[in-house]
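Shown next: data.pdb, containing PDB, C-alpha atoms and all ligand atoms.
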MODEL        1
ATOM      1  CA  MET A 201      13.478   8.157   4.675
ATOM      2  CA  LYS A 202      13.054   8.604   0.943
ATOM      3  CA  VAL A 203      10.037   6.766  -0.479
ATOM      4  CA  SER A 204       9.300   6.205  -4.180
ATOM      5  CA  LEU A 205       5.764   5.366  -5.294
ATOM      6  CA  LEU A 206       5.482   3.377  -8.536
ATOM      7  CA  GLN A 207       2.190   4.488 -10.047
ATOM      8  CA  LEU A 208       1.993   1.809 -12.728
ATOM      9  CA  ASP A 209      -0.637   1.003 -15.320
ATOM     10  CA  ILE A 210      -1.474  -2.696 -14.916
ATOM     11  CA  ALA A 211      -2.181  -5.066 -17.816
ATOM     12  CA  PHE A 212      -5.486  -6.862 -17.120
ATOM     13  CA  GLY A 213      -4.868 -10.537 -16.320
ATOM     14  CA  ASN A 214      -1.339 -10.497 -17.766
ATOM     15  CA  PRO A 215       1.207 -11.276 -15.018
ATOM     16  CA  LYS A 216       4.057 -11.693 -17.521
ATOM     17  CA  ALA A 217       3.656  -8.140 -18.851
ATOM     18  CA  ASN A 218       3.157  -6.791 -15.332
ATOM     19  CA  TYR A 219       6.286  -8.444 -13.925
ATOM     20  CA  ALA A 220       8.311  -6.970 -16.801
ATOM     21  CA  ALA A 221       6.822  -3.485 -16.255
ATOM     22  CA  ALA A 222       7.386  -3.663 -12.492
ATOM     23  CA  GLU A 223      10.997  -4.727 -12.972
ATOM     24  CA  ARG A 224      11.620  -1.818 -15.370
ATOM     25  CA  ALA A 225      10.034   0.645 -12.934
ATOM     26  CA  ILE A 226      11.894  -0.719  -9.890
ATOM     27  CA  ARG A 227      15.234  -0.498 -11.724
ATOM     28  CA  LEU A 228      14.420   3.070 -12.787
ATOM     29  CA  ALA A 229      13.297   4.120  -9.298
ATOM     30  CA  ALA A 230      16.395   2.516  -7.747
ATOM     31  CA  GLN A 231      18.564   5.028  -9.625
ATOM     32  CA  GLY A 232      17.158   7.725  -7.327
ATOM     33  CA  GLN A 233      18.390   5.693  -4.316
ATOM     34  CA  PRO A 234      15.202   5.664  -2.265
ATOM     35  CA  ASP A 235      15.092   3.854   1.073
ATOM     36  CA  CYS A 236      11.794   2.297   0.133
ATOM     37  CA  ILE A 237       9.777   1.551  -3.004
ATOM     38  CA  LEU A 238       5.985   1.029  -2.893
ATOM     39  CA  LEU A 239       3.850  -0.658  -5.579
ATOM     40  CA  PRO A 240       0.050  -0.617  -6.145
ATOM     41  CA  GLU A 241      -2.582  -3.191  -5.221
ATOM     42  CA  LEU A 242      -2.861  -6.427  -7.287
ATOM     43  CA  TRP A 243      -0.052  -5.278  -9.573
ATOM     44  CA  THR A 244       0.546  -8.700 -11.164
ATOM     45  CA  THR A 245      -3.039  -9.381 -12.299
ATOM     46  CA  GLY A 246      -5.177  -6.287 -11.888
ATOM     47  CA  TYR A 247      -8.834  -6.886 -11.000
ATOM     48  CA  ASP A 248      -9.226  -9.897 -13.306
ATOM     49  CA  LEU A 249     -11.139 -11.564 -10.471
ATOM     50  CA  THR A 250     -12.838 -14.347 -12.454
ATOM     51  CA  ARG A 251      -9.398 -15.702 -13.444
ATOM     52  CA  LEU A 252      -7.612 -14.871 -10.165
ATOM     53  CA  ASP A 253      -7.857 -18.461  -9.000
ATOM     54  CA  GLU A 254      -5.707 -19.681 -11.936
ATOM     55  CA  MET A 255      -3.243 -16.774 -11.801
ATOM     56  CA  ALA A 256      -2.701 -16.571  -8.013
ATOM     57  CA  ASP A 257       0.733 -17.549  -6.720
ATOM     58  CA  ALA A 258       0.952 -20.483  -4.301
ATOM     59  CA  ASN A 259       1.464 -18.603  -1.003
ATOM     60  CA  GLY A 260       2.818 -15.649  -2.961
ATOM     61  CA  LYS A 261       6.120 -17.444  -3.475
ATOM     62  CA  ALA A 262       6.892 -16.356  -7.042
ATOM     63  CA  ALA A 263       6.179 -12.658  -6.401
ATOM     64  CA  ALA A 264       8.074 -12.740  -3.100
ATOM     65  CA  ALA A 265      11.141 -14.316  -4.747
ATOM     66  CA  PHE A 266      11.059 -11.751  -7.570
ATOM     67  CA  ILE A 267      10.727  -8.782  -5.181
ATOM     68  CA  GLY A 268      13.236 -10.206  -2.684
ATOM     69  CA  GLY A 269      15.824 -10.581  -5.462
ATOM     70  CA  LEU A 270      15.458  -6.955  -6.599
ATOM     71  CA  ALA A 271      15.422  -5.637  -3.001
ATOM     72  CA  LYS A 272      18.695  -7.444  -2.290
ATOM     73  CA  GLU A 273      20.302  -6.445  -5.601
ATOM     74  CA  TYR A 274      19.720  -2.740  -4.897
ATOM     75  CA  GLY A 275      19.794  -2.822  -1.069
ATOM     76  CA  ILE A 276      16.381  -1.101  -1.007
ATOM     77  CA  ASN A 277      13.269  -1.979   1.014
ATOM     78  CA  ILE A 278      10.426  -2.869  -1.357
ATOM     79  CA  ILE A 279       6.816  -2.912  -0.209
ATOM     80  CA  ALA A 280       5.423  -4.917  -3.040
ATOM     81  CA  GLY A 281       1.898  -3.583  -3.008
ATOM     82  CA  SER A 282      -0.329  -6.617  -3.068
ATOM     83  CA  THR A 283      -0.707  -9.725  -5.210
ATOM     84  CA  ALA A 284      -3.150 -12.636  -5.313
ATOM     85  CA  TRP A 285      -2.004 -15.478  -3.041
ATOM     86  CA  GLN A 286      -3.387 -18.994  -3.420
ATOM     87  CA  ARG A 287      -3.909 -20.533   0.018
ATOM     88  CA  ALA A 288      -5.743 -23.465   1.566
ATOM     89  CA  GLU A 289      -8.726 -21.208   2.428
ATOM     90  CA  GLY A 290      -8.863 -19.604  -1.047
ATOM     91  CA  VAL A 291      -7.296 -16.560  -2.710
ATOM     92  CA  THR A 292      -6.201 -13.561  -0.614
ATOM     93  CA  ASN A 293      -5.212 -10.041  -1.670
ATOM     94  CA  THR A 294      -1.899  -9.900   0.169
ATOM     95  CA  MET A 295       0.574  -7.071   0.718
ATOM     96  CA  PHE A 296       4.163  -8.086   1.362
ATOM     97  CA  ALA A 297       7.583  -6.509   1.678
ATOM     98  CA  ALA A 298      11.233  -7.418   1.416
ATOM     99  CA  ASP A 299      13.921  -5.590   3.396
ATOM    100  CA  ARG A 300      17.306  -4.427   2.056
ATOM    101  CA  GLU A 301      18.652  -7.984   2.381
ATOM    102  CA  GLY A 302      15.703  -9.374   0.443
ATOM    103  CA  VAL A 303      14.263 -10.928   3.609
ATOM    104  CA  PRO A 304      10.427 -10.952   3.964
ATOM    105  CA  ALA A 305       9.362  -8.124   6.304
ATOM    106  CA  LEU A 306       5.559  -7.995   6.003
ATOM    107  CA  GLU A 307       2.612 -10.168   5.058
ATOM    108  CA  TYR A 308      -0.834  -8.566   5.317
ATOM    109  CA  SER A 309      -4.015  -9.765   3.634
ATOM    110  CA  LYS A 310      -6.709  -7.167   2.932
ATOM    111  CA  LEU A 311      -9.163  -7.244   5.820
ATOM    112  CA  HIS A 312     -12.078  -5.320   4.283
ATOM    113  CA  LEU A 313     -13.223  -6.711   0.946
ATOM    114  CA  PHE A 314     -14.734  -4.160  -1.446
ATOM    115  CA  ARG A 315     -18.169  -5.370  -2.544
ATOM    116  CA  LEU A 316     -18.607  -2.656  -5.192
ATOM    117  CA  MET A 317     -15.776  -4.351  -7.136
ATOM    118  CA  ASP A 318     -16.969  -7.923  -6.274
ATOM    119  CA  GLU A 319     -13.995  -8.754  -4.083
ATOM    120  CA  HIS A 320     -16.190 -10.619  -1.595
ATOM    121  CA  LEU A 321     -17.155 -13.111  -4.341
ATOM    122  CA  TYR A 322     -13.590 -14.112  -5.204
ATOM    123  CA  LEU A 323     -11.335 -13.334  -2.235
ATOM    124  CA  GLN A 324     -10.931 -14.418   1.354
ATOM    125  CA  PRO A 325     -10.307 -11.671   3.944
ATOM    126  CA  GLY A 326      -7.184 -11.581   6.088
ATOM    127  CA  SER A 327      -7.202 -11.901   9.854
ATOM    128  CA  SER A 328      -4.136 -10.050  11.135
ATOM    129  CA  LYS A 329      -2.693  -6.529  11.247
ATOM    130  CA  GLY A 330      -0.160  -5.084   8.787
ATOM    131  CA  LEU A 331       2.454  -4.042  11.336
ATOM    132  CA  PHE A 332       6.138  -4.220  10.398
ATOM    133  CA  ARG A 333       9.460  -2.386  10.790
ATOM    134  CA  LEU A 334      11.313  -0.583   8.059
ATOM    135  CA  ASP A 335      14.952   0.109   8.970
ATOM    136  CA  GLY A 336      13.764   0.107  12.602
ATOM    137  CA  THR A 337      10.804   2.497  12.073
ATOM    138  CA  PRO A 338       7.424   1.077  13.165
ATOM    139  CA  CYS A 339       5.116   1.024  10.127
ATOM    140  CA  ALA A 340       1.751  -0.269   9.009
ATOM    141  CA  GLY A 341       0.597  -1.465   5.607
ATOM    142  CA  VAL A 342      -3.027  -1.575   4.446
ATOM    143  CA  ILE A 343      -4.836  -1.992   1.136
ATOM    144  CA  CYS A 344      -7.157   0.441  -0.655
ATOM    145  CA  TYR A 345     -10.718   0.132   0.802
ATOM    146  CA  ASP A 346      -9.091  -0.373   4.259
ATOM    147  CA  ILE A 347      -8.574   3.417   4.441
ATOM    148  CA  ARG A 348     -12.346   3.855   4.888
ATOM    149  CA  PHE A 349     -12.024   2.174   8.296
ATOM    150  CA  PRO A 350     -10.368   4.698  10.621
ATOM    151  CA  GLU A 351     -10.667   2.282  13.549
ATOM    152  CA  TRP A 352      -8.546  -0.281  11.672
ATOM    153  CA  ILE A 353      -5.842   2.276  10.945
ATOM    154  CA  ARG A 354      -6.042   3.568  14.530
ATOM    155  CA  ALA A 355      -5.483   0.034  15.852
ATOM    156  CA  HIS A 356      -2.141   0.012  13.995
ATOM    157  CA  MET A 357      -1.197   3.472  15.276
ATOM    158  CA  VAL A 358      -2.037   2.595  18.876
ATOM    159  CA  SER A 359       0.417  -0.280  18.395
ATOM    160  CA  GLY A 360       3.100   2.334  17.627
ATOM    161  CA  ALA A 361       3.169   2.753  13.832
ATOM    162  CA  GLU A 362       4.561   6.083  12.576
ATOM    163  CA  VAL A 363       4.154   5.564   8.826
ATOM    164  CA  LEU A 364       1.113   4.177   7.001
ATOM    165  CA  PHE A 365       1.735   2.585   3.592
ATOM    166  CA  VAL A 366      -1.320   2.182   1.363
ATOM    167  CA  SER A 367      -1.453   0.215  -1.892
ATOM    168  CA  ALA A 368      -4.496   0.746  -4.046
ATOM    169  CA  GLU A 369      -6.503   0.357  -7.235
ATOM    170  CA  TRP A 370      -8.777   3.320  -6.544
ATOM    171  CA  PRO A 371     -11.186   4.390  -9.313
ATOM    172  CA  LEU A 372     -11.314   7.938 -10.680
ATOM    173  CA  PRO A 373     -14.976   8.721  -9.806
ATOM    174  CA  ARG A 374     -13.979   8.655  -6.109
ATOM    175  CA  LEU A 375     -10.738  10.618  -6.400
ATOM    176  CA  ALA A 376     -12.067  13.217  -3.936
ATOM    177  CA  HIS A 377     -12.644  10.450  -1.367
ATOM    178  CA  TRP A 378      -9.126   9.067  -1.933
ATOM    179  CA  ARG A 379      -7.533  12.421  -1.207
ATOM    180  CA  ALA A 380      -9.761  13.327   1.740
ATOM    181  CA  LEU A 381      -9.496   9.907   3.401
ATOM    182  CA  LEU A 382      -5.699   9.818   3.097
ATOM    183  CA  VAL A 383      -5.277  13.346   4.462
ATOM    184  CA  SER A 384      -7.690  12.551   7.307
ATOM    185  CA  ARG A 385      -5.820   9.351   8.261
ATOM    186  CA  ALA A 386      -2.556  11.362   8.364
ATOM    187  CA  ILE A 387      -3.967  14.210  10.488
ATOM    188  CA  GLU A 388      -5.948  12.093  12.963
ATOM    189  CA  ASN A 389      -3.086   9.657  13.499
ATOM    190  CA  GLN A 390      -0.289  12.268  13.289
ATOM    191  CA  CYS A 391       1.612   9.952  10.980
ATOM    192  CA  TYR A 392       3.074   9.948   7.481
ATOM    193  CA  VAL A 393       0.880   8.373   4.834
ATOM    194  CA  ALA A 394       2.534   7.039   1.662
ATOM    195  CA  ALA A 395      -0.124   5.843  -0.772
ATOM    196  CA  CYS A 396       0.441   4.237  -4.171
ATOM    197  CA  ASN A 397      -2.491   3.956  -6.563
ATOM    198  CA  ARG A 398      -2.467   2.560 -10.090
ATOM    199  CA  ALA A 399      -2.918   4.465 -13.347
ATOM    200  CA  GLY A 400      -4.838   3.424 -16.477
ATOM    201  CA  SER A 401      -8.029   1.448 -16.817
ATOM    202  CA  ASP A 402      -9.465  -2.091 -16.959
ATOM    203  CA  PRO A 403     -12.714  -3.319 -18.576
ATOM    204  CA  ALA A 404     -14.753  -1.987 -15.620
ATOM    205  CA  ASN A 405     -12.906   1.041 -14.217
ATOM    206  CA  VAL A 406     -10.747   4.049 -14.937
ATOM    207  CA  PHE A 407      -8.287   4.509 -12.089
ATOM    208  CA  ALA A 408      -7.402   7.740 -10.351
ATOM    209  CA  GLY A 409      -3.619   7.751  -9.963
ATOM    210  CA  HIS A 410      -2.779  10.617  -7.589
ATOM    211  CA  SER A 411      -0.383   8.552  -5.504
ATOM    212  CA  MET A 412       0.814  10.775  -2.711
ATOM    213  CA  ILE A 413       2.792  11.246   0.463
ATOM    214  CA  ILE A 414       1.240  13.270   3.286
ATOM    215  CA  ASP A 415       2.989  14.486   6.433
ATOM    216  CA  PRO A 416       1.634  14.241  10.019
ATOM    217  CA  TRP A 417       0.150  17.772   9.755
ATOM    218  CA  GLY A 418      -1.823  16.832   6.653
ATOM    219  CA  GLU A 419       0.452  18.645   4.205
ATOM    220  CA  ILE A 420       1.019  16.984   0.831
ATOM    221  CA  VAL A 421       4.724  16.181   0.398
ATOM    222  CA  CYS A 422       4.316  14.993  -3.198
ATOM    223  CA  GLU A 423       1.466  13.932  -5.454
ATOM    224  CA  ALA A 424       1.355  12.266  -8.864
ATOM    225  CA  GLY A 425      -1.036  13.098 -11.695
ATOM    226  CA  GLU A 426      -3.368  10.533 -13.285
ATOM    227  CA  GLY A 427      -0.918   8.806 -15.647
ATOM    228  CA  GLU A 428       1.965   6.391 -15.125
ATOM    229  CA  GLU A 429       4.574   8.064 -12.961
ATOM    230  CA  ILE A 430       7.199   7.489 -10.300
ATOM    231  CA  VAL A 431       6.865  10.068  -7.556
ATOM    232  CA  SER A 432       9.244  10.359  -4.597
ATOM    233  CA  GLY A 433       9.244  12.212  -1.296
ATOM    234  CA  GLU A 434      11.232  12.486   1.923
ATOM    235  CA  LEU A 435       9.723  11.495   5.270
ATOM    236  CA  ASP A 436      11.125  13.405   8.256
ATOM    237  CA  LEU A 437      10.146  11.143  11.131
ATOM    238  CA  VAL A 438      10.962  13.829  13.721
ATOM    239  CA  LYS A 439       7.724  15.495  12.521
ATOM    240  CA  VAL A 440       5.705  12.536  13.809
ATOM    241  CA  ARG A 441       7.105  12.952  17.311
ATOM    242  CA  GLU A 442       6.656  16.766  17.117
ATOM    243  CA  ALA A 443       3.004  16.496  16.073
ATOM    244  CA  ARG A 444       2.255  13.841  18.707
ATOM    245  CA  GLY A 445       4.057  15.947  21.343
ATOM    246  CA  GLN A 446       2.298  19.240  20.510
ATOM    247  CA  ILE A 447      -1.197  17.793  20.268
ATOM    248  CA  PRO A 448      -1.125  14.632  22.430
ATOM    249  CA  VAL A 449      -4.028  12.859  20.763
ATOM    250  CA  PHE A 450      -2.820   9.411  21.758
ATOM    251  CA  THR A 451      -2.568  10.419  25.445
ATOM    252  CA  ASP A 452      -5.946  12.221  25.375
ATOM    253  CA  ARG A 453      -7.909   9.341  23.833
ATOM    254  CA  ARG A 454     -10.796   7.981  25.989
ATOM    255  CA  PRO A 455     -11.166   4.490  24.554
ATOM    256  CA  GLU A 456     -13.316   3.390  27.496
ATOM    257  CA  MET A 457     -16.016   5.807  26.185
ATOM    258  CA  TYR A 458     -15.888   4.608  22.574
ATOM    259  CA  LYS A 459     -17.638   1.250  23.057
TER     260      LYS A 459
HETATM  261  N1  LIG A 501      -9.709  -1.633  -4.627
HETATM  262  C1  LIG A 501     -10.444  -1.061  -3.687
HETATM  263  O1  LIG A 501     -10.472  -1.475  -2.542
HETATM  264  C2  LIG A 501     -11.210   0.146  -4.123
HETATM  265  C3  LIG A 501     -11.821   0.898  -2.963
HETATM  266  C4  LIG A 501     -12.645   2.055  -3.432
HETATM  267  O2  LIG A 501     -12.683   2.353  -4.596
HETATM  268  C5  LIG A 501     -13.411   2.833  -2.451
HETATM  269  O3  LIG A 501     -14.111   3.762  -2.884
HETATM  270  O4  LIG A 501     -13.346   2.549  -1.255
ENDMDL
END
Let's see the structure in the file written out as structure tokens.
Ligand SMILES: NC(=O)CCC(=O)C(=O)O
Amino acid sequence: MKVSLLQLDIAFGNPKANYAAAERAIRLAAQGQPDCILLPELWTTGYDLTRLDEMADANGKAAAAFIGGLAKEYGINIIAGSTAWQRAEGVTNTMFAADREGVPALEYSKLHLFRLMDEHLYLQPGSSKGLFRLDGTPCAGVICYDIRFPEWIRAHMVSGAEVLFVSAEWPLPRLAHWRALLVSRAIENQCYVAACNRAGSDPANVFAGHSMIIDPWGEIVCEAGEGEEIVSGELDLVKVREARGQIPVFTDRRPEMYK
């Protein structure tokens, strides 16, 4: 499975510019014929939280139609990072995907809201897991701060996921945490981790970039720098079964003792 990570800069509160940039990047990445393209968190609006209410898509329909159209045109799975969805209960930070036919394959709203960036003041948390299948492979999708909750990721892996997709807007001062947390999630769950961060800055933060793919042994398959970049890597899913066979962590778990 070839995965391309679109490490975009995101124009603050400017969906029109961001749609145009995402389309350019998707068309460019498609030339490399990946099986899957991954975008960052809140790629249509950035963290313009005070105006999110006016910019959010009704049930994510506009973003889903845009992504579904490109996925179908190129026959590529697109995990569209996350966008702001306007719902009855308020605005959610929702990750979604379209398969090679352009059919919706995932809808996951960020469960853990990041107080340091005021998410809890403007967003509603999700209430379901990010499990989905990509060309038959069991996968999980989570968003940024979610990676600090190993029990949440583990819950997806216990349900059978072999690849973890992460979309993020992770700030530069915590780059060391980003790298360590992603490598840890890969090693402890013996899974691939494909993580797409954003580049650039907004009025409050400079972002870290360093999108990366990590294999089930914790080895970095590919890693971007800090600027805008498309970085691609191959996932050899046999390695997941090898790692889980050699060190049977999932068999040796003692969940009855963890309460
Ligand atoms: N957008 C986010 O969830 C940022 C999370 C973050 O920066 C962290 O340190 O955690």
d(atom CA of A:Gly268, atom CA of A:Asp235) in Å: 14.7 Å
Within 6 Å of ligand LIG 501 (chain A), counting all atoms listed in the file, residues as an MDAnalysis selection string: chainID A and resid 314 344:345 368:371 374
Calculated over all atoms listed in the file, which of the candidates A:Ile278, A:Leu238, A:Ala264, A:Ile210 has the smallest distance to A:Val406? A:Ile210
Considering all atoms listed in the file, state which residue in the set A:Glu241, A:Asp257, A:Glu307, A:Glu434 is at the smallest distance from A:Val291. A:Asp257
Hey, what comes out of the PyMOL selection byres (((chain A and resi 342) around 12) and not hetatm) on this file? Could you write it as a PyMOL selection string? chain A and resi 238+240-241+279-282+293-296+306-313+326+328-332+339-341+343-350+352-356+363-368+382+385+393-396
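Atom CA of A:Glu301 to atom CA of A:Asn259 spans 20.5 Å [interatomic distance, one decimal].
A straight line drawn from atom CA of A:Val358 to atom CA of A:Val438 is 17.9 Å long.
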May I have the residues within 12 Å of A:Phe407 as a PyMOL selection string, using all atoms listed in the file and disregarding those fewer than 3 positions away in the same chain? chain A and resi 207-210+240-241+246-247+368-375+378+396-404+410-411+425-428
Output check: residues returned by the PyMOL selection byres (((chain A and resi 324) around 8) and not hetatm), as a PyMOL selection string: chain A and resi 289-293+320+322-323+325-326
Would you translate the PyMOL selection byres (((chain A and resi 420) around 12) and not hetatm) into the concrete set of residues it matches in this file, as a PyMOL selection string? chain A and resi 379-380+382-384+386-387+392-395+410-419+421-424+432-435
Limited to C-alpha atoms, could you put the picked residues into a file as a PDB file, in the frame of the given file?
ATOM      1  CA  ARG A 379      -7.533  12.421  -1.207  1.00  0.00           C
ATOM      2  CA  ALA A 380      -9.761  13.327   1.740  1.00  0.00           C
ATOM      3  CA  LEU A 382      -5.699   9.818   3.097  1.00  0.00           C
ATOM      4  CA  VAL A 383      -5.277  13.346   4.462  1.00  0.00           C
ATOM      5  CA  SER A 384      -7.690  12.551   7.307  1.00  0.00           C
ATOM      6  CA  ALA A 386      -2.556  11.362   8.364  1.00  0.00           C
ATOM      7  CA  ILE A 387      -3.967  14.210  10.488  1.00  0.00           C
ATOM      8  CA  TYR A 392       3.074   9.948   7.481  1.00  0.00           C
ATOM      9  CA  VAL A 393       0.880   8.373   4.834  1.00  0.00           C
ATOM     10  CA  ALA A 394       2.534   7.039   1.662  1.00  0.00           C
ATOM     11  CA  ALA A 395      -0.124   5.843  -0.772  1.00  0.00           C
ATOM     12  CA  HIS A 410      -2.779  10.617  -7.589  1.00  0.00           C
ATOM     13  CA  SER A 411      -0.383   8.552  -5.504  1.00  0.00           C
ATOM     14  CA  MET A 412       0.814  10.775  -2.711  1.00  0.00           C
ATOM     15  CA  ILE A 413       2.792  11.246   0.463  1.00  0.00           C
ATOM     16  CA  ILE A 414       1.240  13.270   3.286  1.00  0.00           C
ATOM     17  CA  ASP A 415       2.989  14.486   6.433  1.00  0.00           C
ATOM     18  CA  PRO A 416       1.634  14.241  10.019  1.00  0.00           C
ATOM     19  CA  TRP A 417       0.150  17.772   9.755  1.00  0.00           C
ATOM     20  CA  GLY A 418      -1.823  16.832   6.653  1.00  0.00           C
ATOM     21  CA  GLU A 419       0.452  18.645   4.205  1.00  0.00           C
ATOM     22  CA  VAL A 421       4.724  16.181   0.398  1.00  0.00           C
ATOM     23  CA  CYS A 422       4.316  14.993  -3.198  1.00  0.00           C
ATOM     24  CA  GLU A 423       1.466  13.932  -5.454  1.00  0.00           C
ATOM     25  CA  ALA A 424       1.355  12.266  -8.864  1.00  0.00           C
ATOM     26  CA  SER A 432       9.244  10.359  -4.597  1.00  0.00           C
ATOM     27  CA  GLY A 433       9.244  12.212  -1.296  1.00  0.00           C
ATOM     28  CA  GLU A 434      11.232  12.486   1.923  1.00  0.00           C
ATOM     29  CA  LEU A 435       9.723  11.495   5.270  1.00  0.00           C
TER      30      LEU A 435
END
Point out the residue among A:Arg315, A:Lys459, A:Lys202, A:Arg300 with the least atom-to-atom distance to A:Val431, counting all atoms listed in the file.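 Going through A:Arg315, A:Lys459, A:Lys202, A:Arg300 one by one, the smallest distance to A:Val431 is for A:Lys202.
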Residue among A:Glu223, A:Leu239, A:Glu254, A:His377 lying closest to A:Leu270, counting only C-alpha atoms: A:Glu223
For A:Thr245, work out the shell of residues within 7 Å, counting all atoms listed in the file and skipping chain neighbours fewer than 4 positions away, then give it as a list in words.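 The contact residues come out as Phe212, Gly213, Asn214 and Pro215 of chain A.
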Give the answer as one residue: which of A:Ala361, A:Ala284, A:Leu228, A:Ala217 has the shortest atom-to-atom distance to A:Leu437, using all atoms listed in the file?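 Among the listed residues, the smallest separation from A:Leu437 belongs to A:Ala361.
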Between A:Thr244, A:Ser327, A:Gln231, A:Ser204, which is the closest to A:Gly260 once you count only C-alpha atoms?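 Smallest distance to A:Gly260 is found for A:Thr244.
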Mind listing whatever residues come within 8 Å of the point (19.6, -0.8, -5.2)? Use only C-alpha atoms, file coordinates, and give them as an mmCIF file with C-alpha atoms, keeping the file's coordinate frame.
data_model
loop_
_atom_site.group_PDB
_atom_site.id
_atom_site.type_symbol
_atom_site.label_atom_id
_atom_site.label_comp_id
_atom_site.auth_asym_id
_atom_site.auth_seq_id
_atom_site.Cartn_x
_atom_site.Cartn_y
_atom_site.Cartn_z
ATOM 1 C CA ARG A 227 15.234 -0.498 -11.724
ATOM 2 C CA ALA A 230 16.395 2.516 -7.747
ATOM 3 C CA GLN A 231 18.564 5.028 -9.625
ATOM 4 C CA GLN A 233 18.390 5.693 -4.316
ATOM 5 C CA LEU A 270 15.458 -6.955 -6.599
ATOM 6 C CA ALA A 271 15.422 -5.637 -3.001
ATOM 7 C CA LYS A 272 18.695 -7.444 -2.290
ATOM 8 C CA GLU A 273 20.302 -6.445 -5.601
ATOM 9 C CA TYR A 274 19.720 -2.740 -4.897
ATOM 10 C CA GLY A 275 19.794 -2.822 -1.069
ATOM 11 C CA ILE A 276 16.381 -1.101 -1.007
#
Excluding A:Pro448 and its own-chain neighbours fewer than 6 positions away, which residues fall within 10 Å of it when counting only C-alpha atoms? Please give them as a PDB file with C-alpha atoms, in the coordinates of the input.
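Contents of part25.pdb, freshly written:
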ATOM      1  CA  GLN A 390      -0.289  12.268  13.289  1.00  0.00           C
ATOM      2  CA  ARG A 441       7.105  12.952  17.311  1.00  0.00           C
ATOM      3  CA  GLU A 442       6.656  16.766  17.117  1.00  0.00           C
TER       4      GLU A 442
END
